[in-house]
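Colleague: Sharing data-v3.txt, compact mmCIF, C-alpha atoms:
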```
# COMPACT_ATOMS: atom_id res chain seq x y z
CA MET A 1 96.84 15.72 -57.74
CA ILE A 2 95.25 16.48 -61.12
CA SER A 3 98.21 14.97 -63.00
CA VAL A 4 97.95 11.78 -60.90
CA LEU A 5 94.21 11.57 -61.71
CA GLN A 6 94.97 12.12 -65.40
CA ASN A 7 97.54 9.31 -65.37
CA VAL A 8 95.13 6.89 -63.66
CA LEU A 9 92.30 7.77 -66.05
CA THR A 10 94.63 7.47 -69.05
CA ILE A 11 95.55 3.93 -67.99
CA LEU A 12 91.85 3.06 -67.60
CA VAL A 13 90.98 4.59 -71.00
CA THR A 14 93.83 2.70 -72.67
CA ALA A 15 92.63 -0.58 -71.11
CA GLU A 16 89.05 0.11 -72.26
CA PHE A 17 90.35 0.98 -75.73
CA VAL A 18 92.35 -2.27 -76.02
CA VAL A 19 89.48 -4.45 -74.72
CA GLY A 20 86.92 -2.69 -76.91
CA ASN A 21 89.03 -2.97 -80.05
CA PHE A 22 89.74 -6.64 -79.37
CA ALA A 23 86.03 -7.42 -78.85
CA ASN A 24 84.84 -5.52 -81.92
CA VAL A 25 87.60 -6.79 -84.21
CA PHE A 26 86.82 -10.31 -82.98
CA ILE A 27 83.09 -9.92 -83.81
CA ALA A 28 83.85 -8.54 -87.28
CA LEU A 29 86.51 -11.19 -87.99
CA VAL A 30 84.35 -14.17 -86.93
CA ASN A 31 81.33 -12.98 -88.90
CA CYS A 32 83.33 -12.06 -92.01
CA THR A 33 85.14 -15.42 -91.95
CA ASP A 34 81.80 -17.20 -91.67
CA TRP A 35 80.46 -15.01 -94.50
CA VAL A 36 83.33 -16.03 -96.80
CA LYS A 37 82.88 -19.73 -95.95
CA ARG A 38 79.10 -19.82 -96.42
CA GLN A 39 78.94 -17.20 -99.20
CA ARG A 40 76.06 -15.55 -97.31
CA ILE A 41 75.49 -13.72 -94.06
CA SER A 42 72.43 -13.67 -91.81
CA SER A 43 70.69 -10.40 -90.93
CA ALA A 44 71.74 -10.67 -87.26
CA ASP A 45 75.39 -11.26 -88.18
CA GLY A 46 75.26 -8.38 -90.67
CA ILE A 47 73.95 -5.98 -88.01
CA LEU A 48 76.53 -7.19 -85.47
CA THR A 49 79.36 -6.77 -88.01
CA ALA A 50 78.24 -3.26 -88.97
CA LEU A 51 77.93 -2.39 -85.28
CA ALA A 52 81.43 -3.74 -84.55
CA VAL A 53 82.97 -1.72 -87.42
CA SER A 54 81.22 1.49 -86.34
CA ARG A 55 82.36 0.98 -82.75
CA ILE A 56 85.96 0.44 -83.82
CA GLY A 57 85.77 3.86 -85.47
CA LEU A 58 84.09 5.36 -82.40
CA LEU A 59 86.75 3.92 -80.06
CA TRP A 60 89.56 5.35 -82.18
CA ILE A 61 87.95 8.80 -82.37
CA ILE A 62 87.32 8.93 -78.60
CA PHE A 63 90.85 7.64 -77.89
CA ILE A 64 92.47 10.25 -80.16
CA SER A 65 90.18 12.92 -78.68
CA TRP A 66 91.38 11.95 -75.20
CA PHE A 67 95.03 12.66 -75.98
CA LEU A 68 94.18 15.81 -77.94
CA THR A 69 92.34 17.07 -74.86
CA LEU A 70 95.46 16.46 -72.76
CA PHE A 71 98.08 17.85 -75.16
CA ASN A 72 96.34 20.04 -77.78
CA PRO A 73 92.72 20.98 -76.89
CA ALA A 74 92.45 23.40 -79.85
CA LEU A 75 92.57 20.53 -82.37
CA ASN A 76 89.91 18.59 -80.45
CA SER A 77 87.40 21.47 -80.74
CA GLY A 78 87.67 21.81 -84.54
CA ILE A 79 84.87 21.17 -87.02
CA ILE A 80 86.54 18.04 -88.49
CA ALA A 81 86.76 16.39 -85.06
CA HIS A 82 83.16 17.36 -84.30
CA ILE A 83 81.76 16.01 -87.59
CA SER A 84 83.83 12.80 -87.41
CA TRP A 85 82.61 11.97 -83.90
CA THR A 86 79.00 12.91 -84.72
CA THR A 87 78.88 10.70 -87.84
CA VAL A 88 80.45 7.59 -86.30
CA ASN A 89 78.56 7.97 -83.00
CA HIS A 90 75.27 8.43 -84.86
CA PHE A 91 75.60 5.23 -86.90
CA SER A 92 76.90 3.27 -83.90
CA THR A 93 73.86 4.30 -81.84
CA TRP A 94 71.29 3.61 -84.55
CA ILE A 95 72.79 0.26 -85.60
CA ALA A 96 72.59 -0.84 -81.94
CA THR A 97 68.97 0.35 -81.89
CA SER A 98 68.32 -1.61 -85.10
CA LEU A 99 69.61 -4.69 -83.30
CA SER A 100 66.99 -4.16 -80.56
CA ILE A 101 64.28 -3.80 -83.22
CA PHE A 102 65.54 -6.95 -84.96
CA TYR A 103 65.40 -8.97 -81.72
CA LEU A 104 61.87 -7.73 -81.04
CA LEU A 105 60.51 -8.61 -84.50
CA LYS A 106 62.29 -11.96 -84.67
CA ILE A 107 61.66 -13.24 -81.14
CA ALA A 108 58.44 -11.68 -79.79
CA ASN A 109 55.08 -13.26 -80.54
CA PHE A 110 52.02 -11.03 -80.96
CA SER A 111 48.82 -11.52 -82.94
CA ASN A 112 48.62 -7.83 -83.92
CA LEU A 113 48.33 -7.43 -87.71
CA ILE A 114 50.75 -4.50 -87.87
CA PHE A 115 53.34 -6.44 -85.85
CA LEU A 116 52.93 -9.52 -88.06
CA HIS A 117 53.31 -7.34 -91.16
CA LEU A 118 56.56 -5.85 -89.79
CA LYS A 119 57.76 -9.29 -88.65
CA LYS A 120 57.56 -10.63 -92.22
CA ARG A 121 59.50 -7.63 -93.51
CA VAL A 122 62.09 -7.32 -90.74
CA ASN A 123 65.00 -6.69 -93.16
CA LYS A 124 63.13 -3.84 -94.85
CA VAL A 125 62.29 -2.37 -91.44
CA ILE A 126 65.99 -2.33 -90.49
CA VAL A 127 67.00 -0.75 -93.81
CA LEU A 128 64.29 1.94 -93.52
CA THR A 129 65.35 2.64 -89.92
CA LEU A 130 68.94 3.25 -91.00
CA LEU A 131 67.83 5.39 -93.95
CA GLY A 132 65.63 7.45 -91.63
CA CYS A 133 68.49 7.98 -89.20
CA SER A 134 70.66 9.18 -92.12
CA VAL A 135 68.20 12.04 -92.67
CA LEU A 136 68.57 13.01 -89.00
CA LEU A 137 72.34 12.84 -89.39
CA LEU A 138 72.29 15.24 -92.37
CA SER A 139 70.25 17.79 -90.41
CA ARG A 140 72.66 17.44 -87.49
CA LEU A 141 75.72 17.96 -89.72
CA VAL A 142 74.18 21.07 -91.31
CA ILE A 143 73.53 22.57 -87.86
CA ILE A 144 77.09 21.71 -86.73
CA SER A 145 78.55 23.41 -89.82
CA VAL A 146 76.45 26.54 -89.24
CA TYR A 147 77.28 26.44 -85.52
CA GLU A 148 81.03 26.27 -86.13
CA THR A 149 80.87 28.97 -88.82
CA THR A 150 78.84 31.24 -86.55
CA GLY A 151 81.33 30.68 -83.74
CA LEU A 152 84.19 31.76 -86.01
CA LYS A 153 82.29 34.87 -87.17
CA GLU A 154 81.53 35.85 -83.59
CA GLN A 155 85.25 35.72 -82.84
CA GLU A 156 86.00 37.99 -85.82
CA GLY A 157 83.39 40.63 -84.92
CA ASN A 158 81.01 40.71 -81.99
CA VAL A 159 77.96 42.16 -83.77
CA THR A 160 74.43 41.92 -82.31
CA TRP A 161 72.81 39.98 -85.14
CA LYS A 162 75.70 37.50 -85.19
CA THR A 163 75.27 36.91 -81.47
CA GLU A 164 71.53 36.38 -81.89
CA MET A 165 72.12 34.01 -84.80
CA GLY A 166 74.69 32.13 -82.73
CA GLY A 167 72.17 31.73 -79.89
CA THR A 168 69.54 30.39 -82.29
CA VAL A 169 71.98 27.92 -83.83
CA ARG A 170 73.16 26.77 -80.39
CA SER A 171 69.59 26.09 -79.25
CA SER A 172 68.91 24.20 -82.52
CA ASN A 173 72.12 22.24 -82.04
CA VAL A 174 71.13 21.20 -78.49
CA SER A 175 67.56 20.35 -79.61
CA VAL A 176 68.67 18.12 -82.50
CA PHE A 177 71.35 16.48 -80.34
CA THR A 178 68.73 15.68 -77.67
CA LEU A 179 66.29 14.36 -80.28
CA ILE A 180 68.92 12.16 -81.93
CA HIS A 181 69.85 10.58 -78.58
CA PHE A 182 66.29 10.50 -77.23
CA LEU A 183 64.74 8.64 -80.21
CA PRO A 184 67.01 5.54 -80.20
CA PHE A 185 66.87 5.34 -76.41
CA ILE A 186 63.05 5.44 -76.34
CA THR A 187 62.88 2.98 -79.27
CA SER A 188 65.09 0.51 -77.39
CA ILE A 189 63.02 0.93 -74.20
CA ILE A 190 59.84 0.14 -76.17
CA CYS A 191 61.52 -2.94 -77.68
CA CYS A 192 62.61 -4.06 -74.21
CA LEU A 193 59.15 -3.61 -72.70
CA LEU A 194 57.49 -5.48 -75.58
CA LEU A 195 60.00 -8.33 -75.21
CA ILE A 196 59.22 -8.52 -71.48
CA TYR A 197 55.50 -8.54 -72.23
CA SER A 198 55.98 -11.27 -74.86
CA LEU A 199 58.03 -13.34 -72.39
CA CYS A 200 55.39 -13.00 -69.64
CA LYS A 201 52.70 -13.96 -72.11
CA HIS A 202 54.70 -17.02 -73.19
CA LEU A 203 55.38 -18.10 -69.58
CA ARG A 204 51.70 -17.74 -68.72
CA HIS A 205 50.87 -19.94 -71.70
CA MET A 206 53.44 -22.55 -70.60
CA ARG A 207 52.04 -22.66 -67.05
CA GLN A 208 48.54 -23.04 -68.40
CA TYR A 209 49.55 -26.26 -70.16
CA ASN A 210 51.79 -27.47 -67.29
CA LYS A 211 54.98 -27.21 -69.32
CA GLY A 212 58.42 -26.26 -68.05
CA SER A 213 59.69 -22.70 -68.25
CA GLN A 214 63.13 -23.65 -69.63
CA ASP A 215 62.01 -24.17 -73.22
CA PRO A 216 64.03 -22.74 -76.17
CA CYS A 217 61.62 -19.82 -76.69
CA THR A 218 62.07 -18.64 -73.08
CA LYS A 219 65.86 -18.89 -73.34
CA VAL A 220 65.89 -16.84 -76.56
CA HIS A 221 63.70 -14.16 -74.92
CA VAL A 222 66.00 -13.98 -71.88
CA LYS A 223 69.16 -13.72 -74.04
CA ALA A 224 67.66 -10.94 -76.14
CA LEU A 225 66.51 -9.08 -73.01
CA LYS A 226 70.00 -9.29 -71.47
CA THR A 227 71.49 -7.74 -74.61
CA VAL A 228 68.88 -4.97 -74.87
CA VAL A 229 68.91 -4.11 -71.14
CA SER A 230 72.74 -3.98 -71.03
CA TYR A 231 72.65 -1.69 -74.08
CA LEU A 232 70.11 0.61 -72.43
CA LEU A 233 72.09 0.90 -69.19
CA LEU A 234 75.41 1.51 -70.95
CA PHE A 235 73.88 3.91 -73.47
CA ALA A 236 72.23 5.89 -70.66
CA MET A 237 75.65 6.17 -68.96
CA TYR A 238 77.24 7.15 -72.27
CA SER A 239 74.63 9.86 -72.99
CA LEU A 240 75.04 11.28 -69.49
CA SER A 241 78.82 11.36 -69.94
CA ILE A 242 78.39 13.26 -73.24
CA ILE A 243 76.17 15.86 -71.57
CA ILE A 244 78.69 16.32 -68.72
CA SER A 245 81.60 16.44 -71.19
CA THR A 246 79.87 19.09 -73.32
CA TRP A 247 79.10 21.17 -70.22
CA SER A 248 82.66 20.99 -68.83
CA PHE A 249 84.73 21.04 -72.07
CA ASN A 250 85.31 24.80 -72.28
CA ARG A 251 85.84 25.24 -68.52
CA PRO A 252 89.50 24.72 -67.52
CA GLN A 253 88.56 24.34 -63.85
CA ASN A 254 86.37 21.36 -64.77
CA LYS A 255 88.98 19.48 -66.81
CA SER A 256 89.11 16.59 -64.34
CA VAL A 257 85.28 16.29 -64.52
CA TYR A 258 85.51 16.21 -68.31
CA LEU A 259 88.17 13.48 -68.29
CA LEU A 260 86.25 11.41 -65.72
CA SER A 261 83.04 11.60 -67.78
CA GLN A 262 84.97 10.58 -70.91
CA THR A 263 86.38 7.56 -69.08
CA ILE A 264 82.89 6.46 -68.00
CA GLY A 265 81.57 7.03 -71.53
CA PHE A 266 84.31 4.78 -72.93
CA LEU A 267 82.63 1.81 -71.21
CA TYR A 268 79.70 1.86 -73.67
CA PRO A 269 81.45 0.97 -76.98
CA SER A 270 83.91 -1.40 -75.30
CA SER A 271 81.99 -3.39 -72.68
CA HIS A 272 78.72 -3.80 -74.62
CA SER A 273 80.62 -5.61 -77.38
CA CYS A 274 81.85 -8.08 -74.75
CA VAL A 275 78.21 -8.61 -73.71
CA LEU A 276 77.32 -9.28 -77.36
CA ILE A 277 80.06 -11.92 -77.64
CA TRP A 278 78.93 -13.69 -74.48
CA GLY A 279 75.28 -13.59 -75.52
CA ASN A 280 75.84 -14.96 -79.03
CA ARG A 281 76.41 -18.72 -79.24
CA LYS A 282 78.58 -18.65 -82.35
CA LEU A 283 80.78 -15.81 -81.07
CA LYS A 284 81.03 -17.36 -77.61
CA GLN A 285 82.09 -20.74 -79.04
CA ALA A 286 84.67 -19.06 -81.30
CA PHE A 287 86.05 -17.09 -78.34
CA VAL A 288 86.30 -20.17 -76.08
CA LEU A 289 87.96 -22.12 -78.91
CA GLY A 290 90.40 -19.26 -79.49
CA VAL A 291 91.33 -19.11 -75.79
CA TRP A 292 91.80 -22.91 -75.69
CA GLN A 293 94.03 -22.83 -78.81
CA ALA A 294 96.06 -19.95 -77.35
CA ARG A 295 96.63 -21.91 -74.12
CA CYS A 296 97.74 -24.98 -76.08
CA TRP A 297 100.12 -22.85 -78.16
CA LEU A 298 101.62 -21.28 -75.02
CA ARG A 299 102.13 -24.71 -73.45
CA LYS A 300 104.00 -25.88 -76.53
CA LYS A 301 106.17 -22.75 -76.52
CA LYS A 302 106.93 -23.09 -72.79
CA PRO A 303 110.45 -24.59 -72.41
CA SER A 304 110.53 -27.93 -70.63
CA SER A 305 112.50 -28.28 -67.39
CA PRO A 306 116.02 -29.89 -67.82
CA TYR A 307 115.40 -32.03 -64.71
CA ARG A 308 112.40 -33.85 -66.23
```
Hey, can you dump this file as C-alpha cells for me?
Modeller:
Amino acid sequence: MISVLQNVLTILVTAEFVVGNFANVFIALVNCTDWVKRQRISSADGILTALAVSRIGLLWIIFISWFLTLFNPALNSGIIAHISWTTVNHFSTWIATSLSIFYLLKIANFSNLIFLHLKKRVNKVIVLTLLGCSVLLLSRLVIISVYETTGLKEQEGNVTWKTEMGGTVRSSNVSVFTLIHFLPFITSIICCLLLIYSLCKHLRHMRQYNKGSQDPCTKVHVKALKTVVSYLLLFAMYSLSIIISTWSFNRPQNKSVYLLSQTIGFLYPSSHSCVLIWGNRKLKQAFVLGVWQARCWLRKKKPSSPYR
C-alpha cells in the first residue's frame, strides 16, 4: 500500500517539477531576451527573473531531496543538503516578498509622507530588503552549522553538557526558522491589506464622481491582489508542509506523511510561477504566441492524407 502511494506521489511530484521548471525557465527566458533587445530591464522584470532563477534552484533541490528520501535518506539529512535548501528557499521567499512590496509601492495611492518617500525610492527599498534578509540568512546558516556539529558530537559521546548545548541550539534553530518564515508572510499580508484598502479608497472616489469601476487603476489593483493573495495561500501551504516534513522526517512510521507533505509543498514554487505568467501581460502574450507557433509547427509536421 505504501509503495503504491509512493509511486502515485512520485508521479505527481515529477509532473509538478516539469511544470514548475517550464514556467520558471519561460519567465527567465522571456525577460532575459527582452533585456538583451532593449539593453535595459525594468525593476518588475528584474524581480520576476531573480524569483524564477531562485525557484528553478529550489525545484531541483526539492526534487533531488525527494529521491534521496526514497533511496538514500542518510544523504538527505547531511549538512550540505540542509544549507543548500535553506539558502535557495530563503532567497526565493524573500524575493517573492519583495515583489509584494514592489506592487504595493508602485500601485497603491496614499498621501502619507513616509509612504510617498518610500514610493519614490522603491528600488532602494527592494535592495535594502534583500540585504536585510541576507543578514537573517547568515544567522540561520551559523545556527545550522552549530546544530549539525552538535548532533555529530552527541553521537560520539552522550555527555550532559553536550546534550544541554544541543537542546539550546535546537530551540534557537526552531526560533530563527519561525522568524524567517513569519516575517515575509506578515510583510506580504500587510502589503495585501494595504492594496485592498487602496483599492476600496479608489473605488469610493470613482463612485463619488460617477465614474465606472473598470478603469486602468482598478484593473492594476486587482491583478496585483490576485498575485499577492495566491502567493500568500501557496506560501502558507508550503510553510505548513515544511513543519509537517520536519516533524515526520526522522520517524520511519510517518514516511508516507512526510512524502505527502513534500508533494503539497511542491505546489508553491511550481504553480505560483504559472499564476505570475497569467497575471503579467508581456509573459501571457509571449506564452499564447508560443503555443500558437507550436500548433502551427505541429500542423506543418503532420503528414497529409494520401487520399486528399
Colleague: For each of A:Asn7, A:Leu289, A:Leu199, A:Leu260, take the minimum atom-to-atom distance to Ala108 in chain A, counting only C-alpha atoms, then give the residue where this is smallest.
Modeller: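 Comparing A:Asn7, A:Leu289, A:Leu199, A:Leu260 against Ala108 in chain A, the winner is A:Leu199.
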Colleague: So which one's closest to Phe22 in chain A, A:Ile79, A:Thr97, A:Ile190, A:Ile56? Using all atoms listed in the file, please.
Modeller: A:Ile56
Colleague: Between CA of Leu113 in chain A and CA of Ile196 in chain A, what distance in Å does the model show, to one decimal?
Modeller: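 Computing the Euclidean distance for CA of Leu113 in chain A and CA of Ile196 in chain A yields 19.6 Å.
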Colleague: One decimal, in Å: what's the spacing between CA of Leu203 in chain A and CA of Leu104 in chain A?
Modeller: 16.8 Å
Colleague: As a VMD selection string, please: the residues near range 60-75 of chain A (cut-off 12 Å, only C-alpha atoms, same-chain neighbours under 4 positions excluded).
Modeller: chain A and resid 2 to 3 6 to 7 9 to 18 20 to 21 24 53 to 56 79 to 89 242 245 249 to 252 255 to 256 258 to 270
Colleague: A:Val135, A:Ala52, A:Leu141, A:Ile107: which is nearest Leu225 in chain A, counting all atoms listed in the file?
Modeller: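 Of the candidates, the smallest distance to Leu225 in chain A is held by A:Ile107.
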Colleague: So the first atom is CA of Thr49 in chain A and the second is CA of Ala28 in chain A; what is the distance between them in Å, to one decimal place?
Modeller: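 For CA of Thr49 in chain A relative to CA of Ala28 in chain A, the distance reads 4.9 Å.
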Colleague: For Val30 in chain A, which residue among A:Val127, A:Ala96, A:Ile277, A:Leu194 is the nearest when counting all atoms listed in the file?
Modeller: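 For Val30 in chain A, the nearest of the given residues is A:Ile277.
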Colleague: So that I can check the surroundings of Tyr103 in chain A, please list as a count of residues only every protein, DNA and RNA residue that reaches within 12 Å of it, counting only C-alpha atoms and ignoring chain neighbours fewer than 6 positions away.
Modeller: 27
Colleague: Between A:Ile143, A:Ser111, A:Leu179, A:Ser100, single out the one closest to Val229 in chain A, counting all atoms listed in the file.
Modeller: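 Among the listed residues, the smallest separation from Val229 in chain A belongs to A:Ser100.
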Colleague: Using only C-alpha atoms, which of the listed residues (A:Leu58, A:Leu51, A:Cys274, A:Met237) sits closest to Phe287 in chain A?
Modeller: A:Cys274
